[in-house]
>>> print(open('target-v7.cif').read())   # mmCIF, C-alpha atoms
data_coords
#
loop_
_atom_site.group_PDB
_atom_site.id
_atom_site.type_symbol
_atom_site.label_atom_id
_atom_site.label_comp_id
_atom_site.auth_asym_id
_atom_site.auth_seq_id
_atom_site.Cartn_x
_atom_site.Cartn_y
_atom_site.Cartn_z
ATOM 1 C CA MET A 90 79.409 117.601 102.126
ATOM 2 C CA ALA A 91 79.506 117.003 98.393
ATOM 3 C CA ASP A 92 82.416 119.439 98.012
ATOM 4 C CA ILE A 93 84.826 117.518 100.248
ATOM 5 C CA TYR A 94 86.068 114.029 100.830
ATOM 6 C CA ARG A 95 87.630 112.646 103.984
ATOM 7 C CA GLU A 96 91.031 111.038 104.166
ATOM 8 C CA VAL A 97 92.063 108.731 106.996
ATOM 9 C CA SER A 98 95.722 107.722 107.052
ATOM 10 C CA VAL A 99 97.759 105.318 109.141
ATOM 11 C CA THR A 100 101.424 104.323 109.146
ATOM 12 C CA ALA A 101 102.094 100.627 108.675
ATOM 13 C CA THR A 102 104.890 98.120 108.347
ATOM 14 C CA LYS A 103 105.136 95.482 105.644
ATOM 15 C CA GLU A 104 103.603 93.082 108.184
ATOM 16 C CA THR A 105 100.524 95.188 108.807
ATOM 17 C CA GLU A 106 100.059 96.860 105.389
ATOM 18 C CA GLU A 107 97.814 94.161 103.897
ATOM 19 C CA GLY A 108 95.602 93.852 106.958
ATOM 20 C CA LEU A 109 95.152 97.602 107.302
ATOM 21 C CA SER A 110 94.398 97.985 103.588
ATOM 22 C CA ASP A 111 91.753 95.275 103.859
ATOM 23 C CA PHE A 112 90.302 97.037 106.902
ATOM 24 C CA PHE A 113 89.876 100.278 104.953
ATOM 25 C CA PHE A 114 88.209 98.538 102.006
ATOM 26 C CA SER A 115 85.857 96.664 104.362
ATOM 27 C CA GLU A 116 84.892 100.060 105.802
ATOM 28 C CA GLY A 117 83.941 101.368 102.371
ATOM 29 C CA ALA A 118 87.080 103.161 101.255
ATOM 30 C CA LEU A 119 86.735 104.686 97.790
ATOM 31 C CA GLY A 120 90.425 104.256 97.111
ATOM 32 C CA LEU A 121 93.845 103.833 98.712
ATOM 33 C CA ILE A 122 97.233 105.402 98.128
ATOM 34 C CA THR A 123 100.273 103.741 99.703
ATOM 35 C CA GLU A 124 103.547 105.661 99.840
ATOM 36 C CA ASP A 125 106.749 105.830 101.860
ATOM 37 C CA ALA A 126 106.114 107.221 105.345
ATOM 38 C CA PRO A 127 107.926 110.568 105.765
ATOM 39 C CA GLY A 128 110.923 110.172 108.076
ATOM 40 C CA GLU A 129 110.217 106.449 108.652
ATOM 41 C CA PRO A 130 112.184 104.401 106.094
ATOM 42 C CA LEU A 131 110.834 101.059 107.329
ATOM 43 C CA ARG A 132 107.185 102.106 107.246
ATOM 44 C CA VAL A 133 104.593 103.061 104.664
ATOM 45 C CA LEU A 134 101.742 105.545 104.873
ATOM 46 C CA ILE A 135 98.324 104.240 103.841
ATOM 47 C CA ARG A 136 95.913 107.015 102.847
ATOM 48 C CA ALA A 137 92.292 105.946 102.447
ATOM 49 C CA SER A 138 89.683 108.223 100.895
ATOM 50 C CA PHE A 139 86.023 108.227 101.941
ATOM 51 C CA ALA A 140 82.887 110.160 101.095
ATOM 52 C CA GLY A 141 82.440 113.451 102.945
ATOM 53 C CA SER A 142 79.606 111.969 105.030
ATOM 54 C CA LEU A 143 81.986 109.606 106.845
ATOM 55 C CA ASP A 144 81.843 109.572 110.653
ATOM 56 C CA ALA A 145 85.619 109.823 110.991
ATOM 57 C CA ALA A 146 85.690 109.566 114.801
ATOM 58 C CA SER A 147 83.785 106.281 114.717
ATOM 59 C CA LEU A 148 86.028 104.868 111.990
ATOM 60 C CA ILE A 149 89.168 105.851 113.894
ATOM 61 C CA GLY A 150 87.843 104.053 116.971
ATOM 62 C CA ARG A 151 87.351 100.855 114.949
ATOM 63 C CA LEU A 152 90.781 101.290 113.349
ATOM 64 C CA ARG A 153 92.479 101.568 116.739
ATOM 65 C CA HIS A 154 90.660 98.444 117.895
ATOM 66 C CA TYR A 155 91.850 96.649 114.762
ATOM 67 C CA GLN A 156 95.431 97.759 115.425
ATOM 68 C CA GLU A 157 95.140 96.299 118.936
ATOM 69 C CA SER A 158 93.985 93.022 117.412
ATOM 70 C CA LEU A 159 97.007 92.961 115.112
ATOM 71 C CA ALA A 160 99.299 93.628 118.071
ATOM 72 C CA ALA A 161 97.682 90.774 120.021
ATOM 73 C CA LEU A 162 98.455 88.473 117.094
ATOM 74 C CA GLY A 163 102.130 89.467 117.282
ATOM 75 C CA PHE A 164 102.340 91.807 114.284
ATOM 76 C CA SER A 165 105.061 94.403 114.723
ATOM 77 C CA GLY A 166 104.341 98.034 113.974
ATOM 78 C CA SER A 167 100.675 97.880 114.955
ATOM 79 C CA ASP A 168 100.930 101.224 116.744
ATOM 80 C CA GLY A 169 101.048 103.380 113.627
ATOM 81 C CA ALA A 170 99.865 106.960 113.940
ATOM 82 C CA ILE A 171 96.378 107.744 112.643
ATOM 83 C CA GLU A 172 95.288 111.034 111.116
ATOM 84 C CA ALA A 173 92.048 112.247 109.546
ATOM 85 C CA ARG A 174 91.417 115.347 107.483
ATOM 86 C CA LYS A 175 88.943 116.963 105.134
ATOM 87 C CA ILE A 176 90.191 117.713 101.630
ATOM 88 C CA PRO A 177 88.426 119.740 98.905
ATOM 89 C CA LEU A 178 87.055 117.469 96.217
ATOM 90 C CA GLU A 179 89.010 119.235 93.483
ATOM 91 C CA ASP A 180 92.261 118.225 95.207
ATOM 92 C CA TRP A 181 91.270 114.546 95.156
ATOM 93 C CA GLY A 182 91.764 114.171 91.415
ATOM 94 C CA ARG A 183 95.058 116.034 91.534
ATOM 95 C CA LYS A 184 96.439 113.674 94.173
ATOM 96 C CA TRP A 185 95.375 110.647 92.124
ATOM 97 C CA LYS A 186 97.142 112.071 89.084
ATOM 98 C CA GLU A 187 100.386 112.203 91.033
ATOM 99 C CA GLY A 188 100.344 108.461 91.712
ATOM 100 C CA PHE A 189 98.357 106.988 88.825
ATOM 101 C CA LYS A 190 100.623 106.106 85.884
ATOM 102 C CA PRO A 191 100.166 103.786 82.861
ATOM 103 C CA LEU A 192 100.224 100.180 84.026
ATOM 104 C CA PRO A 193 100.740 97.072 81.857
ATOM 105 C CA VAL A 194 98.640 94.129 83.042
ATOM 106 C CA GLY A 195 98.838 90.606 81.688
ATOM 107 C CA ARG A 196 100.012 90.032 78.138
ATOM 108 C CA ARG A 197 97.924 92.616 76.291
ATOM 109 C CA LEU A 198 96.360 95.247 78.532
ATOM 110 C CA LEU A 199 97.612 98.725 79.421
ATOM 111 C CA ILE A 200 95.670 100.752 82.015
ATOM 112 C CA VAL A 201 96.073 104.457 81.240
ATOM 113 C CA PRO A 202 94.679 107.583 82.957
ATOM 114 C CA PRO A 203 93.024 110.030 80.537
ATOM 115 C CA TRP A 204 95.570 112.786 81.178
ATOM 116 C CA GLU A 205 98.468 110.686 79.827
ATOM 117 C CA ARG A 206 99.352 111.323 76.185
ATOM 118 C CA GLY A 207 101.846 108.534 75.462
ATOM 119 C CA PRO A 208 103.579 107.260 73.498
ATOM 120 C CA PHE A 209 102.365 103.839 74.595
ATOM 121 C CA PRO A 210 103.829 100.380 73.870
ATOM 122 C CA GLU A 211 102.625 98.772 70.652
ATOM 123 C CA GLY A 212 100.543 95.628 70.862
ATOM 124 C CA ARG A 213 98.710 96.634 74.047
ATOM 125 C CA VAL A 214 94.957 97.142 74.384
ATOM 126 C CA ILE A 215 94.571 100.509 76.099
ATOM 127 C CA ILE A 216 91.978 100.793 78.867
ATOM 128 C CA TRP A 217 91.395 104.461 79.742
ATOM 129 C CA ILE A 218 90.431 104.794 83.410
ATOM 130 C CA ASP A 219 89.865 107.910 85.489
ATOM 131 C CA PRO A 220 89.377 106.763 89.109
ATOM 132 C CA ALA A 221 87.014 109.638 89.973
ATOM 133 C CA MET A 222 85.414 108.655 93.305
ATOM 134 C CA ALA A 223 85.046 104.930 92.544
ATOM 135 C CA PHE A 224 87.219 101.894 93.213
ATOM 136 C CA GLY A 225 89.237 100.227 90.470
ATOM 137 C CA THR A 226 92.335 101.731 88.858
ATOM 138 C CA GLY A 227 94.074 98.471 87.986
ATOM 139 C CA HIS A 228 96.837 99.064 90.523
ATOM 140 C CA HIS A 229 95.371 96.876 93.259
ATOM 141 C CA ALA A 230 96.308 93.184 93.234
ATOM 142 C CA THR A 231 92.685 92.033 93.094
ATOM 143 C CA THR A 232 91.959 94.096 89.978
ATOM 144 C CA GLN A 233 95.162 92.957 88.288
ATOM 145 C CA MET A 234 94.433 89.279 88.948
ATOM 146 C CA CYS A 235 90.887 89.678 87.668
ATOM 147 C CA LEU A 236 92.092 91.396 84.493
ATOM 148 C CA GLU A 237 94.609 88.608 83.900
ATOM 149 C CA ALA A 238 91.874 86.014 84.453
ATOM 150 C CA ILE A 239 89.589 87.788 81.942
ATOM 151 C CA GLU A 240 92.413 87.753 79.407
ATOM 152 C CA ASP A 241 92.974 84.018 79.947
ATOM 153 C CA PHE A 242 89.255 83.289 79.691
ATOM 154 C CA MET A 243 88.926 85.192 76.421
ATOM 155 C CA ASP A 244 92.030 83.512 74.991
ATOM 156 C CA HIS A 245 90.581 80.056 75.704
ATOM 157 C CA TRP A 246 86.987 80.760 74.609
ATOM 158 C CA VAL A 247 86.241 78.255 71.824
ATOM 159 C CA GLU A 248 82.539 78.825 71.086
ATOM 160 C CA ALA A 249 81.579 80.335 67.731
ATOM 161 C CA ARG A 250 79.653 83.085 69.507
ATOM 162 C CA ARG A 251 81.347 85.581 71.796
ATOM 163 C CA PRO A 252 80.721 85.390 75.566
ATOM 164 C CA VAL A 253 78.151 87.384 77.553
ATOM 165 C CA VAL A 254 79.583 88.878 80.748
ATOM 166 C CA LEU A 255 78.278 90.147 84.104
ATOM 167 C CA ASP A 256 80.440 92.561 86.105
ATOM 168 C CA ALA A 257 79.002 92.585 89.642
ATOM 169 C CA GLY A 258 80.225 95.664 91.532
ATOM 170 C CA THR A 259 81.703 97.442 88.527
ATOM 171 C CA GLY A 260 83.279 100.426 90.347
ATOM 172 C CA THR A 261 85.092 102.454 87.689
ATOM 173 C CA GLY A 262 83.983 99.955 85.041
ATOM 174 C CA ILE A 263 87.531 98.752 84.445
ATOM 175 C CA LEU A 264 86.682 95.029 84.291
ATOM 176 C CA ALA A 265 83.626 95.510 82.080
ATOM 177 C CA ILE A 266 85.571 97.729 79.687
ATOM 178 C CA ALA A 267 88.459 95.255 79.543
ATOM 179 C CA ALA A 268 86.068 92.367 78.785
ATOM 180 C CA ALA A 269 84.467 94.416 76.001
ATOM 181 C CA ALA A 270 87.833 95.470 74.568
ATOM 182 C CA LEU A 271 88.981 91.833 74.561
ATOM 183 C CA GLY A 272 85.973 90.767 72.512
ATOM 184 C CA ALA A 273 83.001 89.911 74.749
ATOM 185 C CA GLU A 274 79.642 89.974 72.959
ATOM 186 C CA ARG A 275 77.758 91.924 75.647
ATOM 187 C CA ILE A 276 78.523 93.084 79.184
ATOM 188 C CA VAL A 277 76.094 93.978 81.961
ATOM 189 C CA ALA A 278 77.840 96.029 84.658
ATOM 190 C CA ILE A 279 76.003 96.619 87.944
ATOM 191 C CA ASP A 280 76.803 98.557 91.095
ATOM 192 C CA THR A 281 74.767 99.654 94.102
ATOM 193 C CA ASP A 282 76.730 102.926 94.317
ATOM 194 C CA PRO A 283 75.330 105.604 91.976
ATOM 195 C CA GLU A 284 78.665 107.473 91.991
ATOM 196 C CA ALA A 285 80.379 104.312 90.750
ATOM 197 C CA CYS A 286 77.828 103.969 87.948
ATOM 198 C CA ASP A 287 78.471 107.572 86.911
ATOM 199 C CA ALA A 288 82.236 107.002 86.949
ATOM 200 C CA ALA A 289 81.861 103.803 84.913
ATOM 201 C CA ARG A 290 79.726 105.569 82.299
ATOM 202 C CA LYS A 291 82.304 108.333 81.936
ATOM 203 C CA ASN A 292 85.120 105.812 81.543
ATOM 204 C CA LEU A 293 83.070 103.785 79.061
ATOM 205 C CA GLY A 294 82.593 106.927 76.973
ATOM 206 C CA ARG A 295 86.354 107.036 76.398
ATOM 207 C CA HIS A 296 86.291 103.725 74.502
ATOM 208 C CA ASP A 297 85.066 102.244 71.266
ATOM 209 C CA CYS A 298 84.491 98.771 72.690
ATOM 210 C CA ALA A 299 84.061 95.564 70.710
ATOM 211 C CA GLY A 300 80.922 94.675 72.643
ATOM 212 C CA PRO A 301 78.233 96.894 74.165
ATOM 213 C CA VAL A 302 78.390 97.576 77.914
ATOM 214 C CA GLN A 303 75.143 98.174 79.808
ATOM 215 C CA ILE A 304 75.656 99.907 83.182
ATOM 216 C CA GLN A 305 72.873 99.447 85.737
ATOM 217 C CA HIS A 306 72.446 100.943 89.193
ATOM 218 C CA GLY A 307 71.468 98.138 91.577
ATOM 219 C CA GLY A 308 72.333 94.629 92.665
ATOM 220 C CA ILE A 309 71.825 91.275 91.017
ATOM 221 C CA GLU A 310 68.143 91.389 91.940
ATOM 222 C CA ALA A 311 67.748 94.050 89.235
ATOM 223 C CA LEU A 312 68.835 91.660 86.475
ATOM 224 C CA ASP A 313 66.290 90.248 84.047
ATOM 225 C CA ARG A 314 64.854 86.954 85.241
ATOM 226 C CA GLY A 315 66.273 83.884 83.542
ATOM 227 C CA VAL A 316 69.326 85.668 82.136
ATOM 228 C CA GLN A 317 72.580 83.685 82.190
ATOM 229 C CA PHE A 318 76.186 84.673 81.666
ATOM 230 C CA ASP A 319 79.219 82.912 80.243
ATOM 231 C CA LEU A 320 81.533 84.910 82.506
ATOM 232 C CA ILE A 321 80.754 86.550 85.854
ATOM 233 C CA LEU A 322 83.221 88.983 87.419
ATOM 234 C CA ALA A 323 82.965 89.695 91.142
ATOM 235 C CA ASN A 324 85.699 91.850 92.665
ATOM 236 C CA LEU A 325 84.047 92.375 96.048
ATOM 237 C CA ASP A 326 85.000 92.099 99.701
ATOM 238 C CA THR A 327 84.550 88.780 101.501
ATOM 239 C CA LYS A 328 81.531 89.925 103.515
ATOM 240 C CA THR A 329 79.668 90.980 100.370
ATOM 241 C CA LEU A 330 80.832 88.071 98.236
ATOM 242 C CA CYS A 331 79.971 85.057 100.398
ATOM 243 C CA PRO A 332 76.156 85.449 100.377
ATOM 244 C CA LEU A 333 76.168 85.887 96.590
ATOM 245 C CA PHE A 334 77.682 82.573 95.517
ATOM 246 C CA GLY A 335 74.290 80.858 95.365
ATOM 247 C CA SER A 336 72.885 83.621 93.155
ATOM 248 C CA PHE A 337 75.964 83.539 90.946
ATOM 249 C CA SER A 338 75.558 79.793 90.408
ATOM 250 C CA ALA A 339 72.006 80.409 89.158
ATOM 251 C CA LEU A 340 73.202 83.153 86.795
ATOM 252 C CA LEU A 341 76.112 81.149 85.378
ATOM 253 C CA ALA A 342 75.680 79.321 82.067
ATOM 254 C CA SER A 343 76.322 75.566 82.133
ATOM 255 C CA ASP A 344 79.816 76.003 80.667
ATOM 256 C CA GLY A 345 80.396 79.394 82.259
ATOM 257 C CA HIS A 346 83.140 80.700 84.505
ATOM 258 C CA LEU A 347 83.015 82.846 87.653
ATOM 259 C CA ILE A 348 86.011 84.967 88.664
ATOM 260 C CA ALA A 349 85.763 85.963 92.326
ATOM 261 C CA THR A 350 88.318 88.156 94.079
ATOM 262 C CA GLY A 351 88.663 90.822 96.748
ATOM 263 C CA ILE A 352 89.431 87.994 99.171
ATOM 264 C CA PRO A 353 92.309 88.227 101.682
ATOM 265 C CA VAL A 354 94.235 84.964 101.763
ATOM 266 C CA GLU A 355 93.299 84.432 105.405
ATOM 267 C CA ASP A 356 89.598 84.376 104.396
ATOM 268 C CA HIS A 357 90.061 81.364 102.117
ATOM 269 C CA ALA A 358 88.429 78.877 104.486
ATOM 270 C CA ARG A 359 85.435 81.155 105.059
ATOM 271 C CA VAL A 360 84.921 81.598 101.323
ATOM 272 C CA ALA A 361 85.397 77.880 100.610
ATOM 273 C CA THR A 362 82.701 77.079 103.177
ATOM 274 C CA ALA A 363 80.290 79.504 101.490
ATOM 275 C CA ILE A 364 81.024 77.942 98.096
ATOM 276 C CA SER A 365 80.522 74.386 99.392
ATOM 277 C CA SER A 366 76.783 74.981 99.886
ATOM 278 C CA THR A 367 76.321 75.889 96.197
ATOM 279 C CA ARG A 368 76.687 74.147 92.857
ATOM 280 C CA LEU A 369 80.033 75.870 92.287
ATOM 281 C CA ARG A 370 83.493 74.353 92.539
ATOM 282 C CA ILE A 371 86.912 76.016 92.555
ATOM 283 C CA VAL A 372 89.106 75.207 89.541
ATOM 284 C CA GLU A 373 91.752 77.929 89.790
ATOM 285 C CA ARG A 374 93.496 79.979 92.475
ATOM 286 C CA ARG A 375 95.670 83.043 92.009
ATOM 287 C CA VAL A 376 97.498 84.786 94.855
ATOM 288 C CA GLN A 377 99.140 88.207 94.781
ATOM 289 C CA ASP A 378 100.220 90.478 97.638
ATOM 290 C CA GLY A 379 98.160 88.550 100.170
ATOM 291 C CA TRP A 380 94.978 88.576 98.056
ATOM 292 C CA LEU A 381 93.172 85.625 96.503
ATOM 293 C CA CYS A 382 91.407 85.323 93.141
ATOM 294 C CA LEU A 383 89.301 82.229 92.484
ATOM 295 C CA GLY A 384 88.074 80.713 89.249
ATOM 296 C CA LEU A 385 84.864 78.698 89.635
ATOM 297 C CA VAL A 386 82.610 76.589 87.407
ATOM 298 C CA LEU A 387 79.409 74.664 87.957
ATOM 299 C CA ALA A 388 79.979 71.241 89.507
#
>>> encode(input="target-v7.cif", output="structure tokens")
Amino acid sequence: MADIYREVSVTATKETEEGLSDFFFSEGALGLITEDAPGEPLRVLIRASFAGSLDAASLIGRLRHYQESLAALGFSGSDGAIEARKIPLEDWGRKWKEGFKPLPVGRRLLIVPPWERGPFPEGRVIIWIDPAMAFGTGHHATTQMCLEAIEDFMDHWVEARRPVVLDAGTGTGILAIAAAALGAERIVAIDTDPEACDAARKNLGRHDCAGPVQIQHGGIEALDRGVQFDLILANLDTKTLCPLFGSFSALLASDGHLIATGIPVEDHARVATAISSTRLRIVERRVQDGWLCLGLVLA
């Protein structure tokens, strides 16, 4: 099924939009598009894209169960209609182009798709990103917060040498490329999804970065033993993130910084509990659109 992808969509209210978006990402969605629901001015339509191998019937069953859970918690609009369809792969990129426009992030960054020709605002560092079939366009709150945190970290870096960075779960490579463009010495970007690694390499090829970016297929177990990083970036879901905090603490340099996001606000206690059993401590919290981004250092 390499020539198709599957789209599962559901209508949502403002109350249920965040929870349903998190559900799709926890199920492995490659990307989301949220738009006004046709004929329903108070609702939005969430369209989640998945690989062609998805068992759509099974996913829809879990989605309906999740909607029932939202209704039991008193969320209005938990009865949104669900649809699934197969779409030719060539149409996927076209649909992204319709909704993916240049996006300023933080003080200096501008996320731009490769088909845009400008002109672009002066004084912005341009990060060229084609979403392909990987997650990370800069439009999601977690990516934006992480990019802003990278910018702040680089602005406050005082060492004579430039920082070495790990991007765990690189997706499209957007965070690794931004770190390189902002002056990191070296970036190691890893992902367990080979399609994500391919997408990241293609996006990297569009840049002349300040620091070299090494893209590796695999998890943190594939890293060289004894290597340490001044900055670790982890934009992952809560389930994936929590077991990794101990490993991140071992990979973090003594004066290093970990940026962890992909965390729904309601998962804060769960994440804090996972962190408490490591040498890490939380020094910064950012919240946007119901998502949490944490800054951590070694205690």
>>> residues_near_point(input="target-v7.cif", point="(81.9, 82.6, 83.1)", cutoff="8 Å", atoms="all atoms listed in the file", output="MDAnalysis selection string")
chainID A and resid 254 318:322 341:342 344:348 386
>>> atom_distance(input="target-v7.cif", atom1="CA of Ser343 (chain A)", atom2="CA of Ala230 (chain A)")
28.9 Å
>>> atom_distance(input="target-v7.cif", atom1="CA of Trp246 (chain A)", atom2="CA of Ser336 (chain A)")
23.5 Å
>>> resolve_selection(input="target-v7.cif", expression="the PyMOL selection byres ((chain A and resi 197-206) around 6)", output="ChimeraX atom specification")
/A:191-196,207,213-219
>>> resolve_selection(input="target-v7.cif", expression="the PyMOL selection byres ((chain A and resi 307) around 12)", output="number ranges by chain")
A: 256-259, 277-286, 304-306, 308-312
>>> closest_atom_pairs(input="target-v7.cif", of="region 296-342 of chain A", to="region 358-361 of chain A", cutoff="9 Å", atoms="all atoms listed in the file", output="Markdown table")
| residue | atom | partner | partner_atom | distance |
| --- | --- | --- | --- | --- |
| A:Thr327 | CA | A:Val360 | CA | 7.2 |
| A:Leu330 | CA | A:Val360 | CA | 8.3 |
| A:Cys331 | CA | A:Val360 | CA | 6.1 |
>>> resolve_selection(input="target-v7.cif", expression="the PyMOL selection byres ((chain A and resi 111-126) around 6)", output="PyMOL selection string")
chain A and resi 108-110+127+129+132-139+223-224
>>> write_last_selection(input="target-v7.cif", atoms="C-alpha atoms", output="JSON list (two decimals), in the frame of the given file")
[["chain", "number", "residue", "atom", "x", "y", "z"],
["A", 108, "GLY", "CA", 95.60, 93.85, 106.96],
["A", 109, "LEU", "CA", 95.15, 97.60, 107.30],
["A", 110, "SER", "CA", 94.40, 97.98, 103.59],
["A", 127, "PRO", "CA", 107.93, 110.57, 105.76],
["A", 129, "GLU", "CA", 110.22, 106.45, 108.65],
["A", 132, "ARG", "CA", 107.18, 102.11, 107.25],
["A", 133, "VAL", "CA", 104.59, 103.06, 104.66],
["A", 134, "LEU", "CA", 101.74, 105.54, 104.87],
["A", 135, "ILE", "CA", 98.32, 104.24, 103.84],
["A", 136, "ARG", "CA", 95.91, 107.02, 102.85],
["A", 137, "ALA", "CA", 92.29, 105.95, 102.45],
["A", 138, "SER", "CA", 89.68, 108.22, 100.90],
["A", 139, "PHE", "CA", 86.02, 108.23, 101.94],
["A", 223, "ALA", "CA", 85.05, 104.93, 92.54],
["A", 224, "PHE", "CA", 87.22, 101.89, 93.21]]
>>> closest_residue(input="target-v7.cif", among="A:Gly169, A:Pro353, A:Gly335, A:Pro177", to="Thr367 (chain A)", atoms="only C-alpha atoms")
A:Gly335
>>> atom_distance(input="target-v7.cif", atom1="CA of Arg275 (chain A)", atom2="CA of Arg250 (chain A)")
10.9 Å
>>> closest_residue(input="target-v7.cif", among="A:Val354, A:Ala339, A:Leu271, A:Ala265", to="His245 (chain A)", atoms="all atoms listed in the file")
A:Leu271
>>> residues_around(input="target-v7.cif", residues="Leu162 (chain A)", least_positions_apart="4", cutoff="12 Å", atoms="only C-alpha atoms", output="PyMOL selection string")
chain A and resi 104-105+108+155-158+166-167
>>> closest_residue(input="target-v7.cif", among="A:Val99, A:Ala170, A:Ile364, A:Ala323", to="Leu236 (chain A)", atoms="all atoms listed in the file")
A:Ala323
>>> decode(input="target-v7.cif", residues="region 271-305 of chain A", atoms="C-alpha atoms", output="CSV table (one decimal), in the first residue's frame")
chain,number,residue,atom,x,y,z
A,271,LEU,CA,21.1,29.0,15.1
A,272,GLY,CA,24.7,28.1,15.6
A,273,ALA,CA,25.0,24.6,17.2
A,274,GLU,CA,28.4,23.0,16.7
A,275,ARG,CA,27.0,19.5,15.9
A,276,ILE,CA,23.6,17.9,15.9
A,277,VAL,CA,22.8,14.2,16.0
A,278,ALA,CA,19.2,13.5,14.9
A,279,ILE,CA,17.7,10.1,15.4
A,280,ASP,CA,14.3,8.5,14.6
A,281,THR,CA,13.0,5.0,14.6
A,282,ASP,CA,10.9,5.6,11.5
A,283,PRO,CA,13.0,5.2,8.3
A,284,GLU,CA,10.5,7.4,6.4
A,285,ALA,CA,11.1,10.2,8.9
A,286,CYS,CA,14.9,9.9,8.4
A,287,ASP,CA,14.5,10.1,4.6
A,288,ALA,CA,12.3,13.2,5.0
A,289,ALA,CA,14.8,14.8,7.4
A,290,ARG,CA,17.7,14.2,5.0
A,291,LYS,CA,15.7,15.8,2.1
A,292,ASN,CA,14.9,18.8,4.3
A,293,LEU,CA,18.5,19.1,5.5
A,294,GLY,CA,19.7,19.1,1.9
A,295,ARG,CA,17.8,22.4,1.4
A,296,HIS,CA,20.0,24.2,3.9
A,297,ASP,CA,23.6,25.4,4.3
A,298,CYS,CA,23.6,24.9,8.1
A,299,ALA,CA,26.1,26.4,10.5
A,300,GLY,CA,26.8,23.1,12.1
A,301,PRO,CA,26.7,19.6,10.7
A,302,VAL,CA,23.6,17.4,11.2
A,303,GLN,CA,24.0,13.6,11.4
A,304,ILE,CA,20.8,11.8,10.8
A,305,GLN,CA,20.6,8.2,12.2
